[in-house]
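upload-v4.cif (mmCIF, C-alpha atoms)
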```cif
data_target
#
loop_
_atom_site.label_atom_id
_atom_site.label_comp_id
_atom_site.auth_asym_id
_atom_site.auth_seq_id
_atom_site.Cartn_x
_atom_site.Cartn_y
_atom_site.Cartn_z
CA MET P 1 -1.83 11.77 -29.76
CA THR P 2 -2.14 8.76 -27.43
CA LYS P 3 0.65 6.23 -27.83
CA PRO P 4 -0.25 2.63 -28.65
CA LEU P 5 -0.38 0.45 -25.53
CA LEU P 6 2.67 -1.62 -26.44
CA ASP P 7 4.86 1.47 -26.96
CA THR P 8 3.91 3.30 -23.78
CA ASP P 9 6.48 3.55 -21.00
CA LEU P 10 5.71 4.61 -17.45
CA SER P 11 6.25 8.28 -16.69
CA PHE P 12 5.55 10.59 -13.75
CA ASP P 13 4.49 14.24 -13.55
CA VAL P 14 4.62 16.33 -10.37
CA HIS P 15 1.69 18.72 -9.94
CA THR P 16 1.75 20.48 -6.56
CA ARG P 17 4.33 20.45 -3.78
CA LEU P 18 3.87 21.27 -0.13
CA PRO P 19 5.05 24.85 0.53
CA GLU P 20 8.78 25.53 0.54
CA GLY P 21 10.32 26.09 3.94
CA THR P 22 8.36 23.29 5.60
CA GLY P 23 11.22 20.81 5.12
CA LYS P 24 8.75 18.30 3.63
CA HIS P 25 8.86 16.45 0.30
CA GLY P 26 5.10 15.93 -0.05
CA ARG P 27 3.59 16.44 -3.49
CA THR P 28 0.78 15.46 -5.81
CA GLY P 29 1.27 14.06 -9.28
CA VAL P 30 0.24 11.44 -11.78
CA ILE P 31 1.85 8.14 -12.75
CA HIS P 32 1.19 7.26 -16.40
CA THR P 33 1.08 3.51 -17.15
CA PRO P 34 0.11 1.46 -20.21
CA HIS P 35 -3.16 0.55 -18.45
CA GLY P 36 -4.12 4.01 -17.21
CA ASP P 37 -3.11 6.88 -14.94
CA ILE P 38 -2.71 6.88 -11.15
CA GLN P 39 -3.33 10.21 -9.43
CA THR P 40 -0.96 10.50 -6.47
CA PRO P 41 -0.82 10.26 -3.53
CA ALA P 42 -2.81 7.04 -3.88
CA PHE P 43 -3.65 4.04 -1.69
CA ILE P 44 -3.25 0.77 -3.61
CA PRO P 45 -5.39 -2.19 -2.37
CA VAL P 46 -3.62 -5.53 -2.08
CA ALA P 47 -4.85 -8.32 -4.35
CA THR P 48 -2.35 -10.90 -3.10
CA LYS P 49 -3.47 -13.90 -5.17
CA ALA P 50 -4.95 -11.85 -8.03
CA THR P 51 -7.96 -11.01 -5.86
CA VAL P 52 -8.78 -8.56 -3.11
CA LYS P 53 -10.24 -11.03 -0.64
CA THR P 54 -14.09 -11.08 -0.59
CA LEU P 55 -14.48 -8.52 -3.43
CA THR P 56 -15.06 -8.74 -7.17
CA PRO P 57 -13.07 -6.39 -9.43
CA GLU P 58 -16.28 -4.45 -10.01
CA GLN P 59 -16.64 -3.91 -6.26
CA ILE P 60 -13.00 -2.84 -6.04
CA ARG P 61 -13.63 -0.20 -8.70
CA GLN P 62 -16.65 0.99 -6.71
CA THR P 63 -14.35 1.84 -3.79
CA GLY P 64 -12.48 4.32 -5.99
CA ALA P 65 -9.31 2.24 -6.30
CA GLN P 66 -7.02 3.31 -9.14
CA ALA P 67 -4.67 0.30 -9.11
CA ILE P 68 -4.14 -2.96 -7.25
CA LEU P 69 -1.04 -4.88 -6.11
CA SER P 70 -0.55 -8.64 -6.43
CA ASN P 71 2.18 -10.87 -5.08
CA ALA P 72 4.78 -12.70 -7.15
CA TYR P 73 5.47 -15.29 -4.44
CA HIS P 74 1.86 -16.43 -4.11
CA LEU P 75 1.06 -16.36 -7.83
CA TYR P 76 4.25 -18.30 -8.57
CA LEU P 77 3.11 -21.03 -6.19
CA GLN P 78 -0.51 -20.96 -7.36
CA PRO P 79 -1.68 -21.03 -10.12
CA GLY P 80 1.79 -20.43 -11.67
CA HIS P 81 3.08 -17.34 -13.44
CA ASP P 82 3.04 -19.18 -16.77
CA ILE P 83 -0.72 -19.56 -16.54
CA VAL P 84 -1.17 -15.87 -15.74
CA ASP P 85 1.07 -15.01 -18.70
CA GLU P 86 -0.99 -17.24 -20.98
CA ALA P 87 -4.14 -15.46 -19.78
CA GLY P 88 -2.72 -12.11 -20.92
CA GLY P 89 -1.23 -10.89 -17.65
CA VAL P 90 -2.57 -10.35 -14.17
CA ALA P 91 -4.92 -7.48 -15.10
CA GLU P 92 -6.61 -9.56 -17.80
CA PHE P 93 -6.56 -12.71 -15.65
CA GLU P 94 -8.50 -11.08 -12.81
CA ASN P 95 -10.68 -8.84 -15.00
CA TRP P 96 -9.24 -5.65 -13.54
CA HIS P 97 -8.09 -3.88 -16.73
CA GLY P 98 -6.45 -1.04 -14.83
CA PRO P 99 -2.93 -0.33 -13.58
CA THR P 100 -1.33 -3.14 -11.56
CA TYR P 101 1.68 -3.59 -9.28
CA THR P 102 3.46 -6.80 -8.29
CA ASP P 103 5.97 -7.06 -5.47
CA SER P 104 9.07 -9.14 -5.96
CA GLY P 105 8.24 -11.98 -3.60
CA GLY P 106 11.24 -11.16 -1.43
CA PHE P 107 9.10 -9.99 1.47
CA GLN P 108 6.97 -13.15 1.51
CA VAL P 109 9.84 -15.56 0.88
CA MET P 110 11.54 -14.36 4.04
CA SER P 111 8.73 -12.97 6.22
CA LEU P 112 6.67 -16.15 5.97
CA GLY P 113 9.76 -18.12 6.91
CA VAL P 114 10.48 -15.89 9.90
CA GLY P 115 6.98 -15.24 11.13
CA PHE P 116 6.86 -11.45 11.49
CA LYS P 117 3.63 -9.56 10.95
CA LYS P 118 3.14 -8.20 7.44
CA VAL P 119 3.64 -4.55 8.33
CA LEU P 120 6.49 -2.19 7.61
CA ALA P 121 6.09 0.14 10.60
CA MET P 122 6.99 -1.78 13.74
CA ASP P 123 7.33 -0.83 17.40
CA VAL P 124 10.50 -2.16 19.00
CA ALA P 125 9.03 -1.77 22.47
CA ASN P 126 6.19 -4.11 21.56
CA LEU P 127 8.20 -6.92 19.99
CA THR P 128 7.05 -10.09 21.70
CA GLU P 129 9.11 -13.00 22.93
CA GLY P 130 7.59 -14.91 20.04
CA ASP P 131 9.05 -12.35 17.62
CA ILE P 132 12.49 -12.75 19.14
CA ARG P 133 12.29 -16.53 19.06
CA ALA P 134 11.09 -16.40 15.44
CA ALA P 135 14.17 -14.43 14.46
CA LYS P 136 16.42 -17.09 15.96
CA LYS P 137 14.66 -20.28 14.93
CA GLU P 138 15.46 -22.37 11.90
CA ARG P 139 13.91 -20.46 9.04
CA MET P 140 11.92 -21.72 6.08
CA ALA P 141 14.04 -19.33 3.98
CA GLN P 142 17.83 -19.43 3.68
CA VAL P 143 19.70 -16.52 2.07
CA ASP P 144 22.98 -16.74 0.16
CA GLU P 145 24.73 -14.42 -2.29
CA ASP P 146 22.91 -15.80 -5.31
CA GLY P 147 19.37 -15.86 -3.91
CA VAL P 148 17.01 -17.52 -1.43
CA ASP P 149 16.02 -21.13 -0.87
CA PHE P 150 12.57 -21.49 0.70
CA LYS P 151 9.76 -23.92 1.35
CA SER P 152 6.26 -23.45 0.00
CA ILE P 153 3.64 -22.51 2.60
CA ILE P 154 1.19 -24.61 0.59
CA ASP P 155 2.87 -28.01 0.61
CA GLY P 156 6.38 -27.57 2.01
CA SER P 157 8.03 -28.17 -1.37
CA LYS P 158 11.45 -26.60 -1.94
CA HIS P 159 11.95 -23.61 -4.25
CA ARG P 160 14.57 -21.00 -5.06
CA PHE P 161 14.25 -17.33 -5.93
CA THR P 162 17.07 -15.31 -7.42
CA PRO P 163 16.89 -11.77 -8.81
CA GLU P 164 16.61 -13.26 -12.29
CA VAL P 165 13.82 -15.66 -11.29
CA SER P 166 11.86 -12.84 -9.65
CA MET P 167 12.14 -10.77 -12.83
CA GLN P 168 11.03 -13.72 -14.96
CA ILE P 169 8.00 -14.30 -12.74
CA GLN P 170 7.04 -10.63 -12.65
CA HIS P 171 7.42 -10.21 -16.40
CA SER P 172 5.12 -13.18 -16.87
CA LEU P 173 2.60 -11.64 -14.47
CA GLY P 174 2.66 -8.54 -16.64
CA ALA P 175 2.10 -5.82 -14.03
CA ASP P 176 2.73 -2.21 -15.05
CA ILE P 177 4.95 -1.67 -12.00
CA MET P 178 7.16 -4.31 -10.41
CA PHE P 179 9.88 -4.29 -7.78
CA ALA P 180 13.47 -5.46 -7.69
CA PHE P 181 14.20 -8.55 -5.60
CA ASP P 182 15.49 -7.44 -2.18
CA GLU P 183 16.26 -9.00 1.16
CA LEU P 184 13.83 -8.36 4.00
CA THR P 185 15.44 -7.44 7.31
CA THR P 186 13.77 -6.84 10.67
CA LEU P 187 14.41 -4.66 13.68
CA VAL P 188 16.00 -7.53 15.58
CA ASP P 189 18.74 -8.04 12.98
CA THR P 190 22.16 -6.71 13.99
CA ARG P 191 23.78 -3.62 12.54
CA GLN P 192 26.41 -5.80 10.90
CA TYR P 193 23.75 -7.92 9.21
CA GLN P 194 21.91 -4.80 8.04
CA GLU P 195 25.13 -3.61 6.38
CA GLU P 196 25.62 -6.96 4.66
CA SER P 197 22.01 -7.03 3.55
CA VAL P 198 22.08 -3.52 2.05
CA ALA P 199 25.17 -4.45 0.05
CA ARG P 200 23.58 -7.71 -1.11
CA THR P 201 20.32 -5.99 -2.08
CA HIS P 202 22.39 -3.51 -4.14
CA ARG P 203 24.07 -6.35 -6.02
CA TRP P 204 20.71 -8.03 -6.55
CA ALA P 205 19.26 -4.75 -7.87
CA LYS P 206 21.95 -4.62 -10.57
CA ARG P 207 21.08 -8.16 -11.61
CA CYS P 208 17.39 -7.23 -11.69
CA LEU P 209 18.11 -4.30 -14.01
CA ASP P 210 20.10 -6.54 -16.36
CA GLU P 211 17.42 -9.22 -16.45
CA HIS P 212 14.62 -6.67 -16.79
CA ASP P 213 16.31 -5.17 -19.84
CA ARG P 214 16.87 -8.60 -21.38
CA LEU P 215 13.28 -9.69 -20.83
CA THR P 216 11.83 -6.40 -22.08
CA ASN P 217 13.69 -6.88 -25.35
CA ALA P 218 12.76 -10.56 -25.55
CA ARG P 219 9.06 -9.84 -24.89
CA ALA P 220 8.73 -6.97 -27.34
CA GLY P 221 5.09 -7.80 -28.08
CA LYS P 222 4.02 -7.21 -24.49
CA PRO P 223 3.01 -3.90 -22.82
CA ARG P 224 5.99 -2.16 -21.24
CA GLN P 225 6.67 -2.77 -17.55
CA SER P 226 8.46 -0.46 -15.12
CA LEU P 227 10.98 -1.85 -12.62
CA TRP P 228 11.38 -0.02 -9.31
CA GLY P 229 14.36 -0.38 -6.97
CA VAL P 230 13.74 -1.08 -3.27
CA VAL P 231 15.54 0.87 -0.55
CA GLN P 232 16.52 -1.04 2.60
CA GLY P 233 18.62 -0.01 5.61
CA ALA P 234 16.23 -0.37 8.56
CA GLN P 235 16.40 2.57 11.03
CA TYR P 236 19.98 3.62 10.18
CA GLU P 237 20.35 6.97 8.41
CA ASP P 238 23.71 6.22 6.83
CA LEU P 239 22.51 2.87 5.47
CA ARG P 240 19.24 4.30 4.12
CA ARG P 241 21.04 7.14 2.35
CA GLN P 242 23.78 4.81 1.10
CA ALA P 243 21.21 2.34 -0.24
CA THR P 244 19.23 5.10 -1.95
CA ARG P 245 22.24 6.72 -3.58
CA GLY P 246 23.44 3.32 -4.73
CA LEU P 247 20.15 2.52 -6.48
CA VAL P 248 20.06 5.93 -8.17
CA GLN P 249 23.63 5.41 -9.41
CA LEU P 250 22.75 1.94 -10.74
CA SER P 251 19.77 3.37 -12.58
CA ASP P 252 21.75 6.25 -14.08
CA ALA P 253 24.50 3.88 -15.19
CA ALA P 254 21.97 1.59 -16.87
CA VAL P 255 20.44 4.50 -18.79
CA ALA P 256 23.90 5.74 -19.81
CA ALA P 257 24.58 2.26 -21.20
CA GLY P 258 21.41 2.36 -23.30
CA MET P 259 19.43 0.10 -20.93
CA ARG P 260 16.32 0.69 -18.85
CA GLY P 261 16.81 2.22 -15.43
CA PHE P 262 14.46 2.22 -12.47
CA GLY P 263 11.11 3.82 -13.21
CA GLY P 264 10.55 4.55 -9.53
CA PHE P 265 11.58 3.44 -6.07
CA GLY P 266 10.07 1.45 -3.23
CA ILE P 267 10.85 2.02 0.45
CA GLY P 268 10.92 -1.32 2.25
CA GLY P 269 12.09 -3.10 5.36
CA ALA P 270 10.96 -2.82 8.94
CA LEU P 271 11.29 0.49 10.75
CA GLU P 272 10.04 1.97 13.99
CA LYS P 273 6.65 3.60 13.60
CA GLU P 274 7.72 6.69 15.52
CA ASN P 275 10.59 7.24 13.04
CA LEU P 276 8.63 6.52 9.86
CA GLY P 277 8.54 10.13 8.62
CA THR P 278 12.19 10.72 9.41
CA ILE P 279 13.31 7.60 7.54
CA VAL P 280 11.12 8.26 4.50
CA GLY P 281 12.50 11.80 4.51
CA TRP P 282 16.10 10.54 4.45
CA VAL P 283 15.30 8.40 1.43
CA CYS P 284 13.40 11.13 -0.42
CA ASP P 285 16.29 13.55 0.19
CA GLU P 286 18.36 11.31 -2.06
CA LEU P 287 15.79 10.38 -4.72
CA PRO P 288 15.25 12.23 -8.01
CA GLU P 289 12.14 14.43 -8.09
CA ASP P 290 10.90 12.98 -11.36
CA LYS P 291 10.52 9.42 -10.08
CA PRO P 292 7.54 8.13 -8.03
CA ARG P 293 8.04 6.55 -4.59
CA HIS P 294 6.07 3.65 -3.14
CA LEU P 295 5.98 2.90 0.59
CA LEU P 296 5.38 -0.78 1.21
CA GLY P 297 2.99 -1.86 3.97
CA ILE P 298 1.43 1.38 5.31
CA SER P 299 -2.27 2.09 5.96
CA GLU P 300 -2.99 3.64 9.37
CA PRO P 301 -4.23 7.24 8.93
CA ASP P 302 -1.46 8.81 11.03
CA ASP P 303 1.16 6.85 9.08
CA LEU P 304 -0.36 7.99 5.78
CA PHE P 305 -0.20 11.67 6.70
CA THR P 306 3.36 11.26 7.97
CA ALA P 307 4.53 9.35 4.89
CA ILE P 308 2.89 11.72 2.41
CA GLU P 309 4.47 14.74 4.10
CA ALA P 310 7.84 13.00 3.92
CA GLY P 311 7.48 12.42 0.17
CA ALA P 312 5.87 9.02 -0.47
CA ASP P 313 3.49 8.88 -3.45
CA THR P 314 1.75 5.50 -3.26
CA PHE P 315 1.12 2.93 -0.52
CA ASP P 316 -0.18 -0.60 -0.12
CA CYS P 317 -1.22 -2.62 2.92
CA VAL P 318 -3.39 -5.63 3.76
CA ALA P 319 -4.62 -4.04 7.01
CA PRO P 320 -7.92 -2.52 5.75
CA THR P 321 -9.02 -5.79 4.18
CA ARG P 322 -7.76 -8.05 6.98
CA LEU P 323 -9.37 -5.80 9.58
CA GLY P 324 -12.64 -5.80 7.64
CA ARG P 325 -12.88 -9.59 7.51
CA ARG P 326 -12.77 -9.57 11.32
CA GLY P 327 -15.45 -6.92 11.73
CA GLY P 328 -13.15 -3.92 12.21
CA VAL P 329 -14.19 -0.76 10.36
CA TYR P 330 -12.89 2.79 10.00
CA THR P 331 -15.05 5.81 10.81
CA LEU P 332 -14.36 9.53 10.98
CA ASP P 333 -14.38 9.11 14.77
CA GLY P 334 -11.92 6.21 14.86
CA ARG P 335 -12.14 2.43 14.48
CA LEU P 336 -15.06 0.27 15.53
CA ASN P 337 -15.39 -3.50 15.92
CA LEU P 338 -18.87 -4.50 14.77
CA MET P 339 -18.55 -7.82 16.59
CA GLY P 340 -19.33 -5.92 19.79
CA ALA P 341 -22.65 -6.63 21.50
CA LYS P 342 -23.55 -2.93 21.54
CA PHE P 343 -24.13 -3.06 17.77
CA LYS P 344 -26.80 -5.77 17.97
CA ARG P 345 -29.60 -3.20 17.81
CA ASP P 346 -27.68 -0.34 16.21
CA PHE P 347 -29.54 0.37 12.97
CA LYS P 348 -27.36 3.24 11.79
CA GLY P 349 -24.93 2.89 8.90
CA ILE P 350 -21.28 2.26 9.73
CA ASP P 351 -20.55 5.98 9.30
CA GLU P 352 -23.49 7.94 7.94
CA GLU P 353 -21.53 11.19 7.76
CA PHE P 354 -18.81 9.55 5.67
CA GLY P 355 -21.44 7.83 3.55
CA GLY P 356 -20.46 5.46 0.78
CA TYR P 357 -22.22 2.41 -0.59
CA VAL P 358 -22.08 0.27 2.54
CA SER P 359 -23.07 2.96 5.05
CA GLU P 360 -25.94 4.05 2.83
CA ASN P 361 -27.37 0.55 2.34
CA TYR P 362 -26.55 -1.63 5.38
CA SER P 363 -26.86 -1.14 9.12
CA ARG P 364 -24.36 -1.89 11.85
CA ALA P 365 -26.91 -4.31 13.31
CA TYR P 366 -27.15 -6.25 10.05
CA ILE P 367 -23.39 -6.51 9.65
CA HIS P 368 -23.10 -7.53 13.35
CA HIS P 369 -25.59 -10.32 12.62
CA LEU P 370 -23.60 -11.45 9.57
CA LEU P 371 -20.39 -11.54 11.59
CA LYS P 372 -21.96 -13.56 14.38
CA ALA P 373 -23.49 -15.94 11.84
CA HIS P 374 -20.11 -16.33 10.08
CA GLU P 375 -21.60 -15.20 6.78
CA PHE P 376 -19.11 -14.29 4.06
CA LEU P 377 -21.10 -11.17 3.18
CA ALA P 378 -19.87 -9.58 6.42
CA GLY P 379 -16.31 -9.56 5.14
CA THR P 380 -17.40 -8.19 1.78
CA LEU P 381 -19.28 -5.25 3.28
CA CYS P 382 -16.65 -4.34 5.87
CA THR P 383 -13.84 -4.65 3.30
CA MET P 384 -15.67 -2.46 0.80
CA HIS P 385 -16.25 0.19 3.45
CA ASN P 386 -12.65 0.14 4.69
CA LEU P 387 -11.14 0.41 1.23
CA GLU P 388 -13.46 3.25 0.27
CA PHE P 389 -12.61 5.02 3.55
CA MET P 390 -8.85 4.69 3.07
CA ILE P 391 -8.89 5.54 -0.64
CA ARG P 392 -11.10 8.59 -0.10
CA LEU P 393 -8.89 9.74 2.79
CA VAL P 394 -5.83 9.74 0.52
CA ASP P 395 -7.85 11.35 -2.29
CA ASN P 396 -8.83 14.12 0.15
CA ILE P 397 -5.19 14.54 1.20
CA ARG P 398 -4.28 14.94 -2.47
CA ALA P 399 -7.04 17.53 -2.96
CA SER P 400 -5.89 19.43 0.14
CA ILE P 401 -2.32 19.67 -1.16
CA ASP P 402 -3.54 20.86 -4.55
CA GLY P 403 -5.91 23.29 -2.86
CA GLY P 404 -3.36 24.70 -0.43
CA TYR P 405 -5.18 23.69 2.77
CA TYR P 406 -3.27 20.51 3.68
CA GLU P 407 -2.36 21.39 7.26
CA ALA P 408 -5.92 22.46 8.12
CA PHE P 409 -7.32 19.23 6.68
CA ARG P 410 -4.71 17.09 8.47
CA ASP P 411 -5.30 18.72 11.84
CA GLU P 412 -9.08 18.48 11.57
CA PHE P 413 -9.08 14.84 10.50
CA MET P 414 -6.43 13.69 12.98
CA GLY P 415 -7.95 15.60 15.87
CA ARG P 416 -11.27 13.88 15.35
CA TYR P 417 -10.09 10.37 14.37
CA TYR P 418 -7.70 10.09 17.32
CA ALA P 419 -9.77 12.01 19.86
CA LYS P 420 -9.87 10.24 23.22
CA LYS P 421 -13.26 8.64 23.72
#
```
I need this file expressed as structure tokens, please.
Amino acid sequence: MTKPLLDTDLSFDVHTRLPEGTGKHGRTGVIHTPHGDIQTPAFIPVATKATVKTLTPEQIRQTGAQAILSNAYHLYLQPGHDIVDEAGGVAEFENWHGPTYTDSGGFQVMSLGVGFKKVLAMDVANLTEGDIRAAKKERMAQVDEDGVDFKSIIDGSKHRFTPEVSMQIQHSLGADIMFAFDELTTLVDTRQYQEESVARTHRWAKRCLDEHDRLTNARAGKPRQSLWGVVQGAQYEDLRRQATRGLVQLSDAAVAAGMRGFGGFGIGGALEKENLGTIVGWVCDELPEDKPRHLLGISEPDDLFTAIEAGADTFDCVAPTRLGRRGGVYTLDGRLNLMGAKFKRDFKGIDEEFGGYVSENYSRAYIHHLLKAHEFLAGTLCTMHNLEFMIRLVDNIRASIDGGYYEAFRDEFMGRYYAKK
């Protein structure tokens, strides 16, 4: 018998694991939420301001998306979380009616004040002088033990986020899955600062659990929401493992006290791309098998394969949509930029072998024309194609794990996508 929506808690079932002896945590499963199931692994499109830029919710569904992720920071600033709450929550507000995630706002509060690119996997060797200067300049966000003071990117007005405020905002937004308020660190922060930050994020996580439990009881008429802890620790194994064990202990203690623990875990913070799988593996070594894991800010195909093998279940990133608005598109043979002059008279679909709505109905030449003419439809078509490509790729990875042919699928896809032209 299906439980009523208001009484349904999030749960997670593991279906198929990668073979034993491989040293990998990869698996398939399903996350059950009050607004529907998410088959994992899954790519989650980013709907920052309660919209995936250039697409309607109906178009998002057409890409095969199972859930979308919105941002607490941006929706707090505009239109206001109280308005979203009054509308019935973010899913109702944006006419999505499926599972939703919200991040805590911690990433944006600090990353927008520091100026780093919105990606998790970074390359230390390619940090620019501008990156280094950004880390040293006067920031728009100032961290203390209680929370973060920051200035709005809209009008420069002053605001403050604490763990409790983040929970209050995210409860008002009403997403099925939300994240504890954490401190963003970068690869240019010192080891000492990373240690301090991990300890502070742990203390904030405890406050988030307390406030989440209080708000869940106070908002008994609302659909249940699941709070996930966020693991920090940059590229340091001891800090990553320490942070993970600490969050698991906090969750277990909350449950033992009759409260709500973490429903899952997010893996956050900057890390070197070449060490992504190793770091995710460290974290998943320490996490319970019956909890889902979300990797924040990942979308490149090689990163997806690496992260899934290491044990991540869901992912989000703005890259496919941002790339699409600039004319960049994914194909089975690698990325293309349809702004290029060579596409002016190219009347093939973006990727006719891959197919999909856009490739079957619009030519490269037409989209090239739209891009050159600065027509909004260009961004819509490229974004739709990119999301469908990324979502189907992860769906195919899931099918290959279930079907027992993961390595063959990975090697075939990667060999073709990254083949030297």
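Across P:Gly106, P:Gly379, P:Pro34, P:Gly297, the tightest approach to Gly328 (chain P) is made by P:Gly379 when counting only C-alpha atoms.
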Which polymer residues, protein or nucleic acid, are no farther than 10 Å from (-12.2, 7.0, 4.2), counting only C-alpha atoms, as number ranges by chain? P: 63, 301, 330-332, 351, 354-356, 385-396
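Among P:Phe12, P:Thr48, P:Leu55, P:Gly29, the residue with the shortest atom-to-atom distance to Phe376 (chain P), counting all atoms listed in the file, is P:Leu55.
Listed by chain and then by number, the residues chosen by the PyMOL selection byres ((chain P and resi 305-314) around 8) in this file are Leu18, Lys24, His25, Gly26, Arg27, Thr28, Thr40, Pro41, Ala42, Phe43, Ile44, Leu276, Gly277, Thr278, Val280, Gly281, Cys284, Pro292, Arg293, His294, Leu295, Pro301, Asp302, Asp303, Leu304, Phe315, Asp316, Ile397 and Arg410 of chain P.
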Output the selection as a compact mmCIF listing (two decimals), keeping the file's coordinate frame - C-alpha atoms for each residue.
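part_38.txt, freshly written:
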```
# COMPACT_ATOMS: atom_id res chain seq x y z
CA LEU P 18 3.87 21.27 -0.13
CA LYS P 24 8.75 18.30 3.63
CA HIS P 25 8.86 16.45 0.30
CA GLY P 26 5.10 15.93 -0.05
CA ARG P 27 3.59 16.44 -3.49
CA THR P 28 0.78 15.46 -5.81
CA THR P 40 -0.96 10.50 -6.47
CA PRO P 41 -0.82 10.26 -3.53
CA ALA P 42 -2.81 7.04 -3.88
CA PHE P 43 -3.65 4.04 -1.69
CA ILE P 44 -3.25 0.77 -3.61
CA LEU P 276 8.63 6.52 9.86
CA GLY P 277 8.54 10.13 8.62
CA THR P 278 12.19 10.72 9.41
CA VAL P 280 11.12 8.26 4.50
CA GLY P 281 12.50 11.80 4.51
CA CYS P 284 13.40 11.13 -0.42
CA PRO P 292 7.54 8.13 -8.03
CA ARG P 293 8.04 6.55 -4.59
CA HIS P 294 6.07 3.65 -3.14
CA LEU P 295 5.98 2.90 0.59
CA PRO P 301 -4.23 7.24 8.93
CA ASP P 302 -1.46 8.81 11.03
CA ASP P 303 1.16 6.85 9.08
CA LEU P 304 -0.36 7.99 5.78
CA PHE P 315 1.12 2.93 -0.52
CA ASP P 316 -0.18 -0.60 -0.12
CA ILE P 397 -5.19 14.54 1.20
CA ARG P 410 -4.71 17.09 8.47
```
Across P:Phe93, P:Trp282, P:Phe265, P:Phe150, the smallest distance to Ala175 (chain P), with all atoms listed in the file counted, is shown by P:Phe93
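The shortest atom-to-atom distance to Arg191 (chain P), with only C-alpha atoms taken into account, belongs to P:Gln235 out of P:Gln225, P:Ser166, P:Gln235, P:Ser70.
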Find the residues around Leu227 (chain P) up to 7 Å (all atoms listed in the file counted), leave out those fewer than 4 positions away in its own chain, and share them as a ChimeraX atom specification. /P:177-180,262-263
With C-alpha atoms kept, could you save the residues just selected as a CSV table (one decimal), keeping the file's coordinate frame?
```csv
chain,number,residue,atom,x,y,z
P,177,ILE,CA,5.0,-1.7,-12.0
P,178,MET,CA,7.2,-4.3,-10.4
P,179,PHE,CA,9.9,-4.3,-7.8
P,180,ALA,CA,13.5,-5.5,-7.7
P,262,PHE,CA,14.5,2.2,-12.5
P,263,GLY,CA,11.1,3.8,-13.2
```
Got a sec to resolve the PyMOL selection byres ((chain P and resi 98) around 7) on this structure and send the residues as a ChimeraX atom specification? /P:35-36,67,91,96-97,99-100
Suppose we keep C-alpha atoms; can you now write the selection as a CSV table (one decimal), keeping the file's coordinate frame?
```csv
chain,number,residue,atom,x,y,z
P,35,HIS,CA,-3.2,0.6,-18.4
P,36,GLY,CA,-4.1,4.0,-17.2
P,67,ALA,CA,-4.7,0.3,-9.1
P,91,ALA,CA,-4.9,-7.5,-15.1
P,96,TRP,CA,-9.2,-5.6,-13.5
P,97,HIS,CA,-8.1,-3.9,-16.7
P,99,PRO,CA,-2.9,-0.3,-13.6
P,100,THR,CA,-1.3,-3.1,-11.6
```
What does the PyMOL selection byres ((chain P and resi 60) around 10) select in this file, as a PDB file with C-alpha atoms, in the frame of the given file?
```pdb
ATOM      1  CA  PRO P  45      -5.390  -2.190  -2.370  1.00  0.00           C
ATOM      2  CA  ALA P  47      -4.850  -8.320  -4.350  1.00  0.00           C
ATOM      3  CA  THR P  51      -7.960 -11.010  -5.860  1.00  0.00           C
ATOM      4  CA  VAL P  52      -8.780  -8.560  -3.110  1.00  0.00           C
ATOM      5  CA  THR P  54     -14.090 -11.080  -0.590  1.00  0.00           C
ATOM      6  CA  LEU P  55     -14.480  -8.520  -3.430  1.00  0.00           C
ATOM      7  CA  THR P  56     -15.060  -8.740  -7.170  1.00  0.00           C
ATOM      8  CA  PRO P  57     -13.070  -6.390  -9.430  1.00  0.00           C
ATOM      9  CA  GLU P  58     -16.280  -4.450 -10.010  1.00  0.00           C
ATOM     10  CA  GLN P  59     -16.640  -3.910  -6.260  1.00  0.00           C
ATOM     11  CA  ARG P  61     -13.630  -0.200  -8.700  1.00  0.00           C
ATOM     12  CA  GLN P  62     -16.650   0.990  -6.710  1.00  0.00           C
ATOM     13  CA  THR P  63     -14.350   1.840  -3.790  1.00  0.00           C
ATOM     14  CA  GLY P  64     -12.480   4.320  -5.990  1.00  0.00           C
ATOM     15  CA  ALA P  65      -9.310   2.240  -6.300  1.00  0.00           C
ATOM     16  CA  GLN P  66      -7.020   3.310  -9.140  1.00  0.00           C
ATOM     17  CA  ALA P  67      -4.670   0.300  -9.110  1.00  0.00           C
ATOM     18  CA  ILE P  68      -4.140  -2.960  -7.250  1.00  0.00           C
ATOM     19  CA  TRP P  96      -9.240  -5.650 -13.540  1.00  0.00           C
ATOM     20  CA  THR P 383     -13.840  -4.650   3.300  1.00  0.00           C
ATOM     21  CA  MET P 384     -15.670  -2.460   0.800  1.00  0.00           C
ATOM     22  CA  LEU P 387     -11.140   0.410   1.230  1.00  0.00           C
ATOM     23  CA  GLU P 388     -13.460   3.250   0.270  1.00  0.00           C
TER      24      GLU P 388
END
```
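Taking CA of Arg326 (chain P) and CA of Ile154 (chain P) as the two end points, the separation is 23.2 Å.
Here CA of Tyr73 (chain P) stands at a distance of 17.3 Å from CA of Thr185 (chain P).
Of the residues under consideration (P:Asp285, P:Glu86, P:Asp103, P:Glu92), P:Asp103 shows the shortest atom-to-atom contact distance to His74 (chain P) when counting only C-alpha atoms.
CA of Leu247 (chain P) lies 18.1 Å from CA of Thr162 (chain P).
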